[in-house]
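See below for query.txt, which holds compact mmCIF, C-alpha atoms.
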# COMPACT_ATOMS: atom_id res chain seq x y z
CA MET S 8 -20.38 35.41 13.42
CA GLU S 9 -16.90 34.24 12.64
CA ILE S 10 -17.31 33.99 8.88
CA ARG S 11 -15.99 36.91 6.90
CA TRP S 12 -17.67 37.74 3.62
CA ASP S 13 -14.56 37.45 1.42
CA ILE S 14 -13.55 34.16 3.09
CA PHE S 15 -17.04 32.84 2.48
CA LEU S 16 -16.73 33.77 -1.20
CA ILE S 17 -13.40 31.95 -1.45
CA ILE S 18 -14.76 28.82 0.25
CA ALA S 19 -17.99 28.74 -1.78
CA GLY S 20 -16.22 29.53 -5.07
CA SER S 21 -13.43 27.03 -4.67
CA ALA S 22 -15.91 24.38 -3.45
CA LEU S 23 -17.97 24.91 -6.61
CA VAL S 24 -15.03 24.72 -9.04
CA THR S 25 -13.90 21.53 -7.26
CA PHE S 26 -17.37 19.97 -7.17
CA ILE S 27 -17.99 20.27 -10.92
CA PRO S 28 -14.98 18.25 -12.19
CA ARG S 29 -15.64 15.70 -9.42
CA VAL S 30 -19.21 14.93 -10.43
CA LEU S 31 -19.54 15.81 -14.12
CA PRO S 32 -17.80 12.78 -15.73
CA LEU S 33 -19.56 10.38 -13.33
CA MET S 34 -22.92 11.94 -14.20
CA VAL S 35 -22.40 12.25 -17.96
CA LEU S 36 -19.98 9.50 -19.04
CA SER S 37 -21.85 6.81 -17.10
CA ARG S 38 -24.82 7.54 -19.40
CA MET S 39 -22.76 6.99 -22.56
CA ASN S 40 -21.09 4.07 -24.23
CA ILE S 41 -17.44 5.03 -24.20
CA PRO S 42 -15.62 3.82 -27.36
CA ASP S 43 -13.05 1.07 -27.06
CA TRP S 44 -9.99 3.33 -27.27
CA GLY S 45 -11.52 5.58 -24.59
CA MET S 46 -11.92 2.65 -22.22
CA ARG S 47 -8.35 1.57 -22.91
CA TRP S 48 -7.18 5.09 -22.15
CA LEU S 49 -9.20 5.32 -18.92
CA HIS S 50 -7.80 1.92 -17.92
CA TYR S 51 -4.34 3.54 -17.60
CA VAL S 52 -5.48 6.62 -15.66
CA PRO S 53 -5.19 5.00 -12.18
CA ILE S 54 -1.61 3.88 -12.77
CA ALA S 55 -0.64 7.21 -14.32
CA VAL S 56 -2.17 9.43 -11.66
CA MET S 57 -0.85 7.41 -8.68
CA ALA S 58 2.65 7.26 -10.19
CA ALA S 59 2.61 10.99 -10.93
CA LEU S 60 1.54 11.77 -7.35
CA ILE S 61 4.28 9.53 -5.93
CA GLY S 62 6.89 11.07 -8.23
CA GLN S 63 6.02 14.52 -7.00
CA GLU S 64 5.87 13.55 -3.34
CA LEU S 65 9.26 11.86 -3.50
CA LEU S 66 11.28 13.91 -5.94
CA VAL S 67 10.09 17.51 -6.03
CA LYS S 68 10.28 20.30 -3.43
CA GLY S 69 8.76 23.54 -4.63
CA ASN S 70 9.95 23.88 -8.21
CA ASN S 71 13.18 21.96 -7.70
CA LEU S 72 14.38 18.37 -7.65
CA THR S 73 15.28 17.26 -4.13
CA PRO S 74 19.02 16.41 -4.05
CA ILE S 75 19.31 12.61 -3.93
CA MET S 76 21.63 12.28 -0.94
CA SER S 77 19.49 14.48 1.31
CA ASN S 78 16.21 13.03 0.07
CA LEU S 79 14.96 11.05 3.08
CA GLU S 80 11.56 10.50 1.43
CA LEU S 81 13.24 8.57 -1.37
CA PHE S 82 15.09 6.33 1.09
CA ALA S 83 11.94 5.75 3.14
CA ALA S 84 10.17 4.79 -0.09
CA LEU S 85 12.42 1.74 -0.61
CA PRO S 86 11.22 -0.35 2.38
CA THR S 87 7.72 0.99 1.76
CA PHE S 88 7.71 -0.33 -1.83
CA LEU S 89 9.14 -3.68 -0.69
CA VAL S 90 6.47 -4.14 1.97
CA ALA S 91 3.76 -3.22 -0.53
CA ILE S 92 5.11 -5.70 -3.10
CA PHE S 93 5.58 -8.60 -0.71
CA THR S 94 2.65 -8.19 1.69
CA ARG S 95 0.03 -6.54 -0.57
CA SER S 96 -1.25 -4.89 2.60
CA LEU S 97 -2.15 -1.22 2.42
CA MET S 98 -2.14 -0.83 6.19
CA GLY S 99 1.24 -2.58 6.53
CA THR S 100 2.66 -0.35 3.81
CA VAL S 101 1.51 2.84 5.53
CA VAL S 102 2.81 1.75 8.95
CA VAL S 103 6.23 0.68 7.61
CA GLY S 104 6.43 3.93 5.62
CA ILE S 105 5.83 6.03 8.73
CA LEU S 106 8.27 3.99 10.83
CA SER S 107 10.97 4.19 8.15
CA MET S 108 10.59 7.94 7.92
CA MET S 109 10.66 8.32 11.68
CA LEU S 110 13.86 6.25 11.97
CA LEU S 111 15.53 8.11 9.09
CA ARG S 112 14.69 11.48 10.65
CA TYR S 113 15.99 10.25 13.99
CA PHE S 114 19.37 9.17 12.61
CA PHE S 115 19.99 11.76 9.86
CA MET C 12 -23.83 -18.45 -16.20
CA PRO C 13 -25.59 -21.27 -14.32
CA LYS C 14 -28.15 -20.14 -11.79
CA GLU C 15 -26.33 -21.76 -8.93
CA LEU C 16 -23.16 -19.85 -9.64
CA LEU C 17 -25.09 -16.59 -9.98
CA LEU C 18 -26.61 -17.13 -6.58
CA LYS C 19 -23.24 -17.92 -5.18
CA THR C 20 -21.61 -14.77 -6.55
CA GLY C 21 -24.70 -12.82 -5.53
CA LYS C 22 -24.25 -13.94 -1.96
CA LEU C 23 -20.58 -13.20 -2.11
CA ASN C 24 -21.22 -9.71 -3.42
CA LYS C 25 -23.70 -8.95 -0.68
CA ASP C 26 -21.05 -8.98 2.05
CA GLU C 27 -18.35 -7.54 -0.12
CA ASP C 28 -20.52 -4.67 -1.33
CA SER C 29 -21.97 -3.41 1.95
CA PHE C 30 -21.64 0.04 3.52
CA VAL C 31 -19.76 -1.50 6.45
CA GLN C 32 -17.27 -3.15 4.13
CA GLY C 33 -16.70 0.26 2.53
CA ILE C 34 -15.87 1.64 5.98
CA LYS C 35 -13.45 -1.23 6.60
CA ASP C 36 -11.73 -0.76 3.25
CA CYS C 37 -11.19 2.90 4.11
CA VAL C 38 -9.30 2.14 7.34
CA PRO C 39 -5.78 1.76 5.85
CA THR C 40 -6.01 5.26 4.37
CA LEU C 41 -7.19 6.95 7.56
CA LEU C 42 -3.78 7.50 9.11
CA GLY C 43 -2.40 9.23 6.02
CA TYR C 44 -5.27 11.66 5.78
CA LEU C 45 -5.45 12.14 9.53
CA SER C 46 -1.92 13.51 9.54
CA ILE C 47 -2.38 15.61 6.40
CA GLY C 48 -5.74 16.88 7.65
CA PHE C 49 -4.19 17.78 10.99
CA ALA C 50 -1.42 19.69 9.22
CA ALA C 51 -4.04 21.43 7.05
CA GLY C 52 -5.92 22.50 10.18
CA VAL C 53 -2.73 23.94 11.67
CA VAL C 54 -1.87 25.85 8.49
CA GLU C 55 -5.42 27.18 8.12
CA LYS C 56 -5.45 28.39 11.71
CA THR C 57 -2.05 30.00 11.25
CA ALA C 58 -3.35 31.73 8.11
CA GLY C 59 -5.92 33.44 10.33
CA LEU C 60 -9.03 31.39 9.58
CA SER C 61 -11.61 30.96 12.34
CA ILE C 62 -12.76 27.54 13.52
CA VAL C 63 -16.09 27.92 11.69
CA GLU C 64 -14.28 28.90 8.50
CA ILE C 65 -11.95 25.90 8.81
CA ALA C 66 -14.94 23.62 9.36
CA MET C 67 -16.64 25.00 6.23
CA LEU C 68 -13.47 24.75 4.19
CA SER C 69 -12.88 21.11 5.09
CA LEU C 70 -16.54 20.15 4.61
CA LEU C 71 -17.26 22.09 1.39
CA LEU C 72 -13.93 22.13 -0.42
CA TYR C 73 -12.75 18.78 1.01
CA ALA C 74 -9.45 18.60 -0.84
CA GLY C 75 -6.05 18.37 0.83
CA SER C 76 -3.63 20.18 -1.43
CA ALA C 77 -6.23 22.81 -2.34
CA GLN C 78 -6.81 23.68 1.32
CA PHE C 79 -3.08 24.16 1.89
CA ILE C 80 -2.93 26.41 -1.15
CA ALA C 81 -6.01 28.38 -0.07
CA ALA C 82 -4.46 28.96 3.36
CA GLY C 83 -1.10 29.93 1.88
CA MET C 84 -2.63 32.35 -0.62
CA LEU C 85 -4.88 33.87 2.06
CA ALA C 86 -1.86 34.49 4.26
CA ALA C 87 -0.16 36.12 1.25
CA GLN C 88 -3.32 38.23 0.74
CA ALA C 89 -4.06 36.99 -2.76
CA SER C 90 -7.32 38.08 -4.38
CA VAL C 91 -10.52 36.02 -4.17
CA THR C 92 -10.43 35.40 -7.93
CA ALA C 93 -6.80 34.29 -7.93
CA ILE C 94 -7.43 31.78 -5.14
CA ILE C 95 -10.52 30.28 -6.76
CA PHE C 96 -8.80 30.06 -10.15
CA THR C 97 -5.72 28.35 -8.69
CA ILE C 98 -7.85 25.83 -6.80
CA PHE C 99 -9.80 25.09 -9.96
CA PHE C 100 -6.53 24.07 -11.64
CA VAL C 101 -5.22 22.13 -8.67
CA ASN C 102 -8.43 20.10 -8.50
CA LEU C 103 -8.94 19.61 -12.22
CA ARG C 104 -7.38 16.14 -11.98
CA HIS C 105 -10.66 14.97 -10.40
CA LEU C 106 -12.08 15.15 -13.92
CA LEU C 107 -9.82 12.24 -14.86
CA LEU C 108 -10.53 10.25 -11.69
CA SER C 109 -14.27 10.72 -12.07
CA ALA C 110 -14.09 9.68 -15.74
CA ALA C 111 -12.10 6.55 -14.89
CA LEU C 112 -14.70 5.52 -12.28
CA SER C 113 -17.72 6.25 -14.49
CA PRO C 114 -17.82 2.84 -16.29
CA TYR C 115 -18.35 1.16 -12.92
CA PHE C 116 -21.40 3.25 -12.01
CA LYS C 117 -23.43 2.89 -15.20
CA HIS C 118 -26.21 1.26 -13.19
CA LEU C 119 -26.96 4.46 -11.25
CA PRO C 120 -28.97 7.52 -12.33
CA PRO C 121 -27.04 10.82 -12.63
CA LEU C 122 -28.15 12.31 -9.32
CA ARG C 123 -26.93 9.31 -7.38
CA ASN C 124 -23.66 9.42 -9.29
CA MET C 125 -23.42 13.08 -8.29
CA LEU C 126 -23.48 12.02 -4.62
CA ILE C 127 -20.71 9.51 -5.27
CA GLY C 128 -18.57 12.00 -7.18
CA SER C 129 -19.02 14.83 -4.69
CA LEU C 130 -16.81 13.03 -2.15
CA LEU C 131 -14.27 11.72 -4.66
CA THR C 132 -10.62 12.07 -3.60
CA ASP C 133 -7.28 10.59 -4.67
CA GLU C 134 -7.54 7.98 -1.93
CA SER C 135 -11.19 7.00 -2.35
CA PHE C 136 -10.44 6.72 -6.07
CA GLY C 137 -7.38 4.56 -5.40
CA VAL C 138 -9.27 2.21 -3.09
CA ALA C 139 -12.29 2.05 -5.41
CA ILE C 140 -10.33 1.34 -8.57
CA ASN C 141 -8.52 -1.49 -6.78
CA GLN C 142 -11.88 -2.86 -5.70
CA ALA C 143 -13.07 -2.63 -9.31
CA VAL C 144 -10.39 -4.95 -10.74
CA GLY C 145 -12.10 -7.88 -12.43
CA LYS C 146 -15.58 -6.37 -11.94
CA THR C 147 -17.95 -4.57 -14.27
CA SER C 148 -19.63 -2.45 -11.61
CA LEU C 149 -19.07 -1.14 -8.10
CA SER C 150 -21.58 -1.11 -5.26
CA GLU C 151 -23.12 2.25 -4.40
CA LYS C 152 -23.41 1.38 -0.70
CA TRP C 153 -19.80 0.25 -0.50
CA MET C 154 -18.64 3.46 -2.18
CA HIS C 155 -20.66 5.59 0.25
CA GLY C 156 -19.15 3.68 3.19
CA LEU C 157 -15.68 4.43 1.86
CA ASN C 158 -16.42 8.07 0.99
CA VAL C 159 -18.26 9.03 4.18
CA THR C 160 -15.57 7.48 6.40
CA ALA C 161 -12.82 9.37 4.60
CA TYR C 162 -14.90 12.57 4.73
CA LEU C 163 -15.52 12.42 8.51
CA ASN C 164 -11.89 11.49 9.15
CA TRP C 165 -10.79 14.53 7.14
CA PHE C 166 -13.16 16.88 8.95
CA LEU C 167 -12.09 15.64 12.39
CA ALA C 168 -8.42 15.87 11.44
CA ASN C 169 -8.84 19.49 10.29
CA MET C 170 -10.66 20.38 13.50
CA ALA C 171 -8.01 18.66 15.63
CA GLY C 172 -5.27 20.57 13.80
CA ALA C 173 -7.09 23.87 14.30
CA TYR C 174 -7.62 23.25 18.02
CA PHE C 175 -4.45 21.46 19.09
CA GLY C 176 -1.95 22.46 16.42
CA HIS C 177 0.06 24.73 18.68
CA TRP C 178 0.69 21.88 21.15
CA ILE C 179 2.71 19.80 18.74
CA GLU C 180 5.88 21.56 17.79
CA ASN C 181 7.25 19.31 15.10
CA PRO C 182 4.88 16.59 13.83
CA GLU C 183 7.35 15.68 11.09
CA GLN C 184 9.71 14.02 13.53
CA PHE C 185 7.18 11.18 13.92
CA GLY C 186 7.30 10.50 10.19
CA LEU C 187 3.56 11.07 9.91
CA ASP C 188 3.91 13.34 6.90
CA PHE C 189 5.15 10.32 4.95
CA ALA C 190 1.87 8.45 5.52
CA LEU C 191 0.36 9.99 2.40
CA SER C 192 3.26 9.01 0.12
CA ALA C 193 3.26 5.51 1.62
CA MET C 194 -0.46 5.22 0.96
CA PHE C 195 -0.03 6.22 -2.70
CA ILE C 196 2.81 3.69 -3.01
CA GLY C 197 0.59 0.97 -1.53
CA LEU C 198 -2.32 1.86 -3.81
CA LEU C 199 -0.11 1.86 -6.92
CA VAL C 200 1.54 -1.47 -6.10
CA LEU C 201 -1.79 -3.14 -5.26
CA GLN C 202 -3.28 -1.85 -8.49
CA MET C 203 -0.37 -3.04 -10.63
CA ALA C 204 -0.20 -6.42 -8.89
CA SER C 205 -3.84 -7.13 -9.71
CA ARG C 206 -3.73 -6.27 -13.41
CA ASN C 207 -1.52 -8.89 -15.11
CA GLN C 208 0.18 -6.45 -17.45
CA LEU C 209 3.19 -5.52 -15.40
CA LEU C 210 5.44 -4.41 -18.26
CA ARG C 211 2.98 -1.97 -19.81
CA ASP C 212 1.90 -0.64 -16.41
CA THR C 213 5.52 -0.10 -15.38
CA LEU C 214 6.19 1.82 -18.60
CA VAL C 215 3.12 3.98 -17.96
CA ALA C 216 4.15 4.58 -14.32
CA VAL C 217 7.71 5.55 -15.27
CA ALA C 218 6.40 7.83 -18.01
CA ALA C 219 4.02 9.47 -15.52
CA VAL C 220 6.83 10.09 -13.02
CA VAL C 221 9.17 11.55 -15.66
CA ILE C 222 6.52 13.78 -17.26
CA GLY C 223 5.08 14.80 -13.88
CA VAL C 224 8.43 15.73 -12.36
CA GLY C 225 9.60 17.44 -15.57
CA ILE C 226 6.50 19.62 -15.85
CA SER C 227 6.53 20.48 -12.12
CA LEU C 228 10.04 21.86 -12.51
CA ILE C 229 9.01 24.31 -15.21
CA SER C 230 5.38 24.86 -14.23
CA SER C 231 3.33 23.94 -11.14
CA GLY C 232 2.80 20.62 -9.42
CA SER C 233 -0.89 20.41 -10.25
CA VAL C 234 -0.30 21.07 -13.95
CA GLY C 235 2.39 18.37 -13.73
CA ILE C 236 -0.10 15.79 -12.38
CA ILE C 237 -2.67 16.55 -15.08
CA VAL C 238 -0.21 16.53 -18.01
CA ALA C 239 1.51 13.39 -16.66
CA THR C 240 -1.80 11.53 -16.29
CA ILE C 241 -3.03 12.46 -19.77
CA GLY C 242 0.37 11.81 -21.36
CA ALA C 243 1.16 8.52 -19.64
CA ALA C 244 -2.37 7.11 -20.12
CA THR C 245 -2.08 7.96 -23.83
CA ILE C 246 1.27 6.17 -24.01
CA GLY C 247 -0.33 3.11 -22.38
CA MET C 248 -3.23 3.17 -24.83
CA VAL C 249 -0.93 3.48 -27.85
CA ILE C 250 1.40 0.66 -26.69
CA GLU C 251 -1.60 -1.58 -26.12
CA LYS C 252 -2.88 -0.89 -29.63
CA TRP C 253 0.48 -1.65 -31.26
CA LYS C 254 0.85 -4.97 -29.55
If you took the structure in this file and wrote it as structure tokens, what would it be?
Amino acid sequence: MEIRWDIFLIIAGSALVTFIPRVLPLMVLSRMNIPDWGMRWLHYVPIAVMAALIGQELLVKGNNLTPIMSNLELFAALPTFLVAIFTRSLMGTVVVGILSMMLLRYFF
Amino acid sequence: MPKELLLKTGKLNKDEDSFVQGIKDCVPTLLGYLSIGFAAGVVEKTAGLSIVEIAMLSLLLYAGSAQFIAAGMLAAQASVTAIIFTIFFVNLRHLLLSAALSPYFKHLPPLRNMLIGSLLTDESFGVAINQAVGKTSLSEKWMHGLNVTAYLNWFLANMAGAYFGHWIENPEQFGLDFALSAMFIGLLVLQMASRNQLLRDTLVAVAAVVIGVGISLISSGSVGIIVATIGAATIGMVIEKWK
């Protein structure tokens, strides 16, 4: 069989340590009445986590800031943001993002 | 609420909350994860994993960045413990996503919430939390439609990458790698547009970017995401309280 023992351990172990944080809050917190401040805090999690992910995708390579003038991702993000703001279409945003990146890579 | 209106909203919810609608709402995110999943399949194959191992990895671990890291660390011959520990940290942010979704699934018993959480990703979270705006609960069927579609798409993308990866020399030239960033941008903008508190949300978003980037420069990207989320959400909570 094509599954090595140590690879199996890695897959099973990492699946388990990923599964637990995924399910635990949904299983436990949904049984509790979260206090008001907790709800307010959770209310900001979606904005915070999406913004943090975008920041990293656009600005960081490895452990360094991507230099602004050679950062094609940042330039592609401009039309992408505009389309998102004005069309409110997720599909449109993704398509324009890909096209912008393709054009930028083609010309620069 | 008058009975008539309840019936009306009930009828409205029935279509909006179906499994099929969950599948439809997943569609805009498919392209982003298709390209990342394909790349993951290529990297995993290059790291020396067999097709069966790649299938297991994508089905059991089911997490983009973690799979890249697993492949990279395997290629660098890191120890089993080191890989598992790193992945634990990289995926710890799910704790926050799962917590933020929990108020919308109060109507379900724990085991059914376990099924929902087991397929939770950044994108299914983003789509779900947008769907939740103005609601007190989310539909279980709708969430499964969303989750299962994303899951199958991810598995197929990994397999395609493992099989056909060597045929495509430079997938980046098609701009496909940017699909994921574009999807996060779309999800953030949609979320902010629906919340009616643009100033506070913008402050939180800027804080998250600054903290996240700052921490990634001195530590790792996954620590950056976690610290930025906790820090920026706290800032939002405090500002809201002061007002």
Counting all atoms listed in the file, figure out which residue out of C:Gly137, C:Ala204, C:Asn169, C:Arg104 gets nearest to Gln78 (chain C).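 Using all atoms listed in the file, the shortest distance to Gln78 (chain C) belongs to C:Asn169.
You will find CA of Gly48 (chain C) at 13.7 Å from CA of Met67 (chain C).
Using all atoms listed in the file, the smallest distance between any of S:Ile18, S:Val30, S:Met108, S:Met57 and Asp212 (chain C) comes from S:Met57.
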All residues 12 Å or closer to Met46 (chain S), all atoms listed in the file, same chain fewer than 3 positions away omitted, as a list in words: Leu36, Ser37, Met39, Asn40, Ile41, Pro42, Asp43, Leu49, His50, Tyr51 and Val52 of chain S; Ala110, Ala111, Leu112, Ser113, Pro114, Tyr115, Ala244, Thr245, Gly247, Met248 and Glu251 of chain C
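Distances from S:Leu66, S:Ala22, S:Ser107, S:Ile14 to Ala74 (chain C) were compared using all atoms listed in the file, and the smallest one belongs to S:Ala22.
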Just checking: using only C-alpha atoms, which residue out of S:Ala83, S:Thr94, S:Pro28, S:Arg11 ends up closest to chain C?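 The shortest atom-to-atom distance to chain C comes from S:Pro28.
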Between S:Leu85, S:Pro74, S:Ala55, S:Gly45, single out the one closest to chain C, counting all atoms listed in the file. S:Ala55
Pick from C:Trp165, C:Phe185, C:Leu103, C:Val54: nearest to Leu111 (chain S), with only C-alpha atoms counted? C:Phe185
Find the axis-aligned box for region 171-176 of chain C, covering all its listed atoms and adding 4 Å on each side, and write its centre and edge lengths in Å to one decimal as JSON.
{"center_x": -5.0, "center_y": 21.3, "center_z": 16.4, "size_x": 14.1, "size_y": 13.2, "size_z": 13.3}
